[in-house]
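**Q** work-v3.txt (compact mmCIF, C-alpha atoms) pasted underneath:
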# COMPACT_ATOMS: atom_id res chain seq x y z
CA MET E 1 0.00 0.00 0.00
CA LYS E 2 1.23 3.50 -0.75
CA GLU E 3 2.19 5.76 2.14
CA LYS E 4 -0.46 8.27 1.04
CA ASP E 5 -3.15 5.59 1.39
CA ARG E 6 -1.81 4.47 4.79
CA ASN E 7 -1.89 8.07 6.01
CA LYS E 8 -5.48 8.50 4.83
CA ILE E 9 -6.60 5.38 6.71
CA SER E 10 -4.57 6.39 9.79
CA LYS E 11 -6.21 9.82 9.90
CA PHE E 12 -9.62 8.21 9.54
CA LEU E 13 -8.85 5.75 12.36
CA SER E 14 -7.69 8.64 14.56
CA LEU E 15 -11.01 10.35 13.98
CA VAL E 16 -13.21 7.37 14.81
CA LEU E 17 -11.08 5.69 17.50
CA ARG E 18 -9.99 8.85 19.35
CA HIS E 19 -12.64 11.50 18.77
CA LYS E 20 -15.85 10.65 16.92
CA PRO E 21 -16.81 6.96 16.72
CA GLU E 22 -20.40 8.11 16.20
CA ALA E 23 -19.36 9.52 12.80
CA ILE E 24 -19.76 5.99 11.44
CA GLY E 25 -22.13 4.65 14.12
CA LEU E 26 -19.35 2.81 15.94
CA GLN E 27 -19.58 2.04 19.65
CA LEU E 28 -16.34 1.80 21.63
CA ASP E 29 -16.31 -0.07 24.93
CA GLU E 30 -15.33 1.71 28.15
CA ASN E 31 -11.65 0.97 27.45
CA GLY E 32 -11.74 2.38 23.92
CA TRP E 33 -11.81 -0.98 22.09
CA ALA E 34 -13.78 -1.51 18.88
CA ASP E 35 -14.56 -4.78 17.16
CA VAL E 36 -12.35 -4.95 14.04
CA LEU E 37 -15.03 -6.47 11.79
CA GLU E 38 -17.59 -3.90 12.92
CA LEU E 39 -15.07 -1.09 12.38
CA MET E 40 -14.36 -2.32 8.86
CA ALA E 41 -18.03 -2.75 7.96
CA LYS E 42 -19.11 0.63 9.32
CA SER E 43 -16.10 2.35 7.77
CA ALA E 44 -16.97 0.88 4.36
CA ALA E 45 -20.62 1.92 4.77
CA GLY E 46 -19.38 5.42 5.61
CA GLY E 47 -17.24 5.61 2.46
CA GLN E 48 -13.83 4.63 3.89
CA ALA E 49 -13.33 0.99 2.93
CA PHE E 50 -10.11 -0.87 3.75
CA SER E 51 -9.14 -4.52 3.94
CA ARG E 52 -7.95 -6.42 6.99
CA GLU E 53 -4.48 -6.52 5.43
CA GLU E 54 -4.49 -2.74 4.95
CA LEU E 55 -5.60 -2.24 8.55
CA GLU E 56 -2.82 -4.55 9.78
CA GLU E 57 -0.30 -2.55 7.73
CA VAL E 58 -1.51 0.80 9.08
CA VAL E 59 -1.23 -0.43 12.67
CA ALA E 60 2.19 -2.04 12.13
CA LEU E 61 3.77 0.82 10.18
CA ASN E 62 2.31 3.86 11.93
CA ASP E 63 5.33 5.95 12.91
CA LYS E 64 3.82 6.88 16.27
CA GLN E 65 2.21 3.49 16.94
CA ARG E 66 -1.12 5.23 17.50
CA PHE E 67 -3.19 2.03 17.38
CA ALA E 68 -3.06 -1.43 18.88
CA PHE E 69 -4.84 -4.74 18.50
CA ASP E 70 -5.78 -6.79 21.54
CA ASP E 71 -4.15 -10.19 22.00
CA SER E 72 -6.82 -11.91 19.90
CA ARG E 73 -6.47 -9.27 17.15
CA ALA E 74 -10.28 -9.09 17.10
CA ARG E 75 -10.37 -5.63 18.68
CA ILE E 76 -8.50 -2.39 18.03
CA ARG E 77 -8.09 0.91 19.87
CA ALA E 78 -6.09 4.10 19.87
CA ASN E 79 -3.22 4.03 22.38
CA GLN E 80 -3.83 7.59 23.61
CA GLY E 81 -4.95 11.02 22.41
CA HIS E 82 -8.67 10.56 22.99
CA SER E 83 -11.00 13.52 23.33
CA ILE E 84 -13.81 11.14 24.33
CA GLU E 85 -13.99 9.50 27.73
CA VAL E 86 -12.23 6.12 27.79
CA GLU E 87 -10.41 4.25 30.54
CA LEU E 88 -7.15 2.97 29.08
CA GLN E 89 -6.36 1.02 32.27
CA LEU E 90 -2.89 2.49 32.55
CA GLU E 91 -0.87 1.97 35.71
CA VAL E 92 0.73 4.87 37.55
CA ARG E 93 4.44 4.93 36.65
CA ARG E 94 7.44 6.84 37.95
CA PRO E 95 8.67 9.06 35.11
CA PRO E 96 12.26 9.98 34.34
CA GLU E 97 13.55 13.21 35.89
CA LEU E 98 12.85 15.17 32.69
CA LEU E 99 10.22 14.77 30.01
CA TYR E 100 9.69 17.04 27.00
CA HIS E 101 6.80 18.79 25.32
CA GLY E 102 6.87 20.17 21.79
CA THR E 103 4.80 23.25 21.06
CA VAL E 104 5.03 26.46 19.03
CA GLU E 105 5.69 30.10 19.97
CA ARG E 106 2.04 31.20 19.74
CA PHE E 107 1.07 28.98 22.71
CA LEU E 108 3.85 30.13 25.06
CA THR E 109 1.92 33.05 26.59
CA SER E 110 -0.86 30.71 27.66
CA ILE E 111 1.59 28.03 28.85
CA ARG E 112 3.53 30.60 30.92
CA ALA E 113 0.27 31.70 32.56
CA GLU E 114 -1.51 28.35 32.99
CA GLY E 115 1.04 25.57 32.47
CA LEU E 116 0.36 22.65 30.16
CA ARG E 117 -3.31 21.68 30.08
CA LYS E 118 -4.93 18.69 28.43
CA MET E 119 -7.37 20.92 26.55
CA SER E 120 -9.83 18.63 24.70
CA ARG E 121 -7.78 15.49 25.33
CA ASN E 122 -7.80 13.20 28.34
CA HIS E 123 -4.14 13.89 29.20
CA VAL E 124 -1.17 16.13 28.51
CA HIS E 125 1.26 14.25 26.23
CA LEU E 126 4.97 14.27 27.01
CA SER E 127 7.96 12.66 25.30
CA ALA E 128 10.93 10.89 26.83
CA ASP E 129 13.31 12.54 24.37
CA ARG E 130 13.79 15.93 22.77
CA GLU E 131 13.73 14.52 19.22
CA THR E 132 10.17 13.22 19.57
CA ALA E 133 9.04 16.49 21.15
CA GLN E 134 10.69 18.32 18.24
CA ARG E 135 8.71 16.26 15.71
CA VAL E 136 5.46 16.80 17.60
CA GLY E 137 5.97 20.55 17.93
CA SER E 138 7.02 21.01 14.31
CA ARG E 139 3.64 19.77 13.05
CA ARG E 140 2.28 23.26 13.76
CA GLY E 141 5.30 25.36 12.78
CA GLU E 142 8.72 26.09 14.26
CA ALA E 143 8.97 23.86 17.32
CA VAL E 144 9.69 25.14 20.79
CA ILE E 145 10.79 22.41 23.20
CA LEU E 146 9.85 22.64 26.87
CA ALA E 147 11.51 20.49 29.52
CA VAL E 148 9.19 19.26 32.27
CA ARG E 149 10.60 18.41 35.68
CA SER E 150 8.54 15.23 35.82
CA GLY E 151 10.59 13.53 38.53
CA GLU E 152 9.91 16.45 40.86
CA MET E 153 6.23 16.43 39.90
CA SER E 154 6.00 12.73 40.72
CA ARG E 155 7.70 13.22 44.09
CA ASP E 156 5.14 15.99 44.74
CA GLY E 157 2.31 13.50 44.21
CA ILE E 158 1.34 14.16 40.59
CA GLU E 159 0.60 10.93 38.74
CA PHE E 160 2.08 9.85 35.43
CA PHE E 161 1.15 7.04 33.07
CA ILE E 162 2.80 5.67 29.96
CA SER E 163 0.78 4.54 26.96
CA ASP E 164 1.50 1.33 25.06
CA ASN E 165 3.40 3.33 22.46
CA GLY E 166 5.65 5.13 24.95
CA VAL E 167 3.90 8.48 25.32
CA TRP E 168 4.01 9.81 28.88
CA LEU E 169 0.64 11.12 30.11
CA THR E 170 -0.43 13.31 33.02
CA ASP E 171 -3.45 15.45 33.83
CA ALA E 172 -1.64 18.81 33.78
CA VAL E 173 1.80 20.36 34.17
CA PRO E 174 1.73 23.37 36.51
CA VAL E 175 3.82 26.38 35.48
CA GLY E 176 6.45 25.83 38.18
CA TYR E 177 7.58 22.51 36.68
CA ILE E 178 8.28 23.83 33.18
CA GLN E 179 11.74 24.85 31.98
CA TYR E 180 11.93 27.06 28.92
CA GLU E 181 15.01 26.19 26.90
Would you mind giving the structure from this file in structure tokens?
**A**
Amino acid sequence: MKEKDRNKISKFLSLVLRHKPEAIGLQLDENGWADVLELMAKSAAGGQAFSREELEEVVALNDKQRFAFDDSRARIRANQGHSIEVELQLEVRRPPELLYHGTVERFLTSIRAEGLRKMSRNHVHLSADRETAQRVGSRRGEAVILAVRSGEMSRDGIEFFISDNGVWLTDAVPVGYIQYE
């Protein structure tokens, strides 16, 4: 499959598995899982047909590993990034001393005043390395990388989780824990 076609399917899956399953009449369970056959049928009925092989390829080759199959490969879900309420059943984890967040200049005034907020998502997303944060931030323009003193936050009682694809998640990052580099 061409990369352009994989990207189109990936964007569609992000829409229905992270934000708007109702767009195709899909029902996710409380943990965000969808039946693969139902997803494929409802996607096709909604004008976005793809084969099981194409779906497998999108999941396997997605650069950010946004999606995962369950052990039986009968169900699929997004690993994180939901704007709808789902319980991903993530365990609290101790983060490294520093995590990183990629953003752009136009958001810095708000971040300096309010810290990092989850906005319409269920969590703030943080990266374990600067390179990933750079890629994330550059999607919206010239990236600005913020260092988050996550180890200190954790010692202060703020919980962190890590998604199946390695994205660190927390509810918010207060201003005092952010380093502007």
**Q** One decimal, in Å: what's the spacing between CA of Arg140 (chain E) and CA of Ile162 (chain E)?
**A**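 Spanning CA of Arg140 (chain E) to CA of Ile162 (chain E) is a straight-line distance of 23.9 Å.
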**Q** Which residue, E:Gln179, E:Asn79, E:Ser43, E:Ser10, has the smallest gap to Arg149 (chain E) when you use all atoms listed in the file?
**A**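 Going through E:Gln179, E:Asn79, E:Ser43, E:Ser10 one by one, the smallest distance to Arg149 (chain E) is for E:Gln179.
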**Q** Between CA of Gln27 (chain E) and CA of Asp164 (chain E), measure the distance and give it in Å to one decimal.
**A**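 Spanning CA of Gln27 (chain E) to CA of Asp164 (chain E) is a straight-line distance of 21.8 Å.
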**Q** Can you work out the spacing between CA of Gln89 (chain E) and CA of Phe161 (chain E) in Å, to one decimal?
**A**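 CA of Gln89 (chain E) sits 9.7 Å away from CA of Phe161 (chain E).
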**Q** Using only C-alpha atoms, determine which residues lie at most 10 Å from Arg121 (chain E), disregarding the query and same-chain residues fewer than 5 positions distant; provide the list as a VMD selection string.
**A** chain E and resid 18 to 19 80 to 85 171
**Q** Quick one: residues within 9 Å of region 59-74 of chain E, all atoms listed in the file counted, chain neighbours fewer than 3 positions away excluded, as a list of chain:residue names?
**A**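 Within the cut-off, the hits are E:Arg6, E:Asn7, E:Ser10, E:Leu13, E:Ser14, E:Leu17, E:Trp33, E:Ala34, E:Asp35, E:Val36, E:Leu37, E:Glu54, E:Leu55, E:Glu56, E:Arg77, E:Ala78, E:Asn79, E:Gln80, E:Gly81, E:Asp164, E:Asn165, E:Gly166.
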**Q** Could you check the closest approach to Ala147 (chain E) for each of E:Leu26, E:Leu88, E:Leu99, E:Val58 and tell me which residue wins, using only C-alpha atoms?
**A**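 With only C-alpha atoms as the atom set, the closest residue is E:Leu99.
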**Q** Between E:Lys2, E:Leu28, E:Glu97, E:Pro174, which is the closest to Glu57 (chain E) once you count all atoms listed in the file?
**A**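 Checking each of E:Lys2, E:Leu28, E:Glu97, E:Pro174 against Glu57 (chain E), counting all atoms listed in the file, the winner is E:Lys2.
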**Q** When distances are computed from only C-alpha atoms, which of E:Ser163, E:Ser154, E:Thr103, E:Ser120 shows the smallest separation from Arg135 (chain E)?
**A** E:Thr103
**Q** I want to know what sits within 9 Å of region 129-131 of chain E, based on all atoms listed in the file, with residues of the same chain fewer than 3 positions away left out; could you give that as a VMD selection string?
**A** chain E and resid 98 to 102 126 134 to 136 145 to 147
**Q** Under the rule that only C-alpha atoms are counted, which of E:Phe107, E:Tyr177, E:Phe50, E:Trp168 is the nearest residue to Asp5 (chain E)?
**A** E:Phe50
**Q** For Met153 (chain E), which of E:Met1, E:Ala128, E:Pro96, E:Arg112 is the closest residue, counting all atoms listed in the file?
**A**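 Checking each of E:Met1, E:Ala128, E:Pro96, E:Arg112 against Met153 (chain E), counting all atoms listed in the file, the winner is E:Pro96.
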**Q** Mind rebuilding region 74-86 of chain E with N, CA and C atoms and writing that out as an mmCIF file, in the frame of the given file?
**A**
data_model
loop_
_atom_site.group_PDB
_atom_site.id
_atom_site.type_symbol
_atom_site.label_atom_id
_atom_site.label_comp_id
_atom_site.auth_asym_id
_atom_site.auth_seq_id
_atom_site.Cartn_x
_atom_site.Cartn_y
_atom_site.Cartn_z
ATOM 1 N N ALA E 74 -8.880 -9.290 17.478
ATOM 2 C CA ALA E 74 -10.280 -9.090 17.100
ATOM 3 C C ALA E 74 -10.761 -7.681 17.435
ATOM 4 N N ARG E 75 -10.001 -6.988 18.284
ATOM 5 C CA ARG E 75 -10.370 -5.630 18.680
ATOM 6 C C ARG E 75 -9.181 -4.698 18.459
ATOM 7 N N ILE E 76 -9.510 -3.419 18.275
ATOM 8 C CA ILE E 76 -8.500 -2.390 18.030
ATOM 9 C C ILE E 76 -8.874 -1.150 18.830
ATOM 10 N N ARG E 77 -7.843 -0.387 19.218
ATOM 11 C CA ARG E 77 -8.090 0.910 19.870
ATOM 12 C C ARG E 77 -6.923 1.844 19.610
ATOM 13 N N ALA E 78 -7.162 3.113 19.888
ATOM 14 C CA ALA E 78 -6.090 4.100 19.870
ATOM 15 C C ALA E 78 -5.347 3.997 21.194
ATOM 16 N N ASN E 79 -4.028 4.151 21.156
ATOM 17 C CA ASN E 79 -3.220 4.030 22.380
ATOM 18 C C ASN E 79 -3.369 5.206 23.320
ATOM 19 N N GLN E 80 -3.611 6.393 22.796
ATOM 20 C CA GLN E 80 -3.830 7.590 23.610
ATOM 21 C C GLN E 80 -4.302 8.688 22.671
ATOM 22 N N GLY E 81 -4.559 9.864 23.223
ATOM 23 C CA GLY E 81 -4.950 11.020 22.410
ATOM 24 C C GLY E 81 -6.449 11.191 22.270
ATOM 25 N N HIS E 82 -7.209 10.494 23.085
ATOM 26 C CA HIS E 82 -8.670 10.560 22.990
ATOM 27 C C HIS E 82 -9.203 11.909 23.483
ATOM 28 N N SER E 83 -10.249 12.381 22.822
ATOM 29 C CA SER E 83 -11.000 13.520 23.330
ATOM 30 C C SER E 83 -12.342 13.039 23.874
ATOM 31 N N ILE E 84 -12.620 11.753 23.747
ATOM 32 C CA ILE E 84 -13.810 11.140 24.330
ATOM 33 C C ILE E 84 -13.378 10.385 25.580
ATOM 34 N N GLU E 85 -14.313 10.158 26.467
ATOM 35 C CA GLU E 85 -13.990 9.500 27.730
ATOM 36 C C GLU E 85 -13.780 8.011 27.526
ATOM 37 N N VAL E 86 -12.566 7.548 27.789
ATOM 38 C CA VAL E 86 -12.230 6.120 27.790
ATOM 39 C C VAL E 86 -11.289 5.861 28.955
#
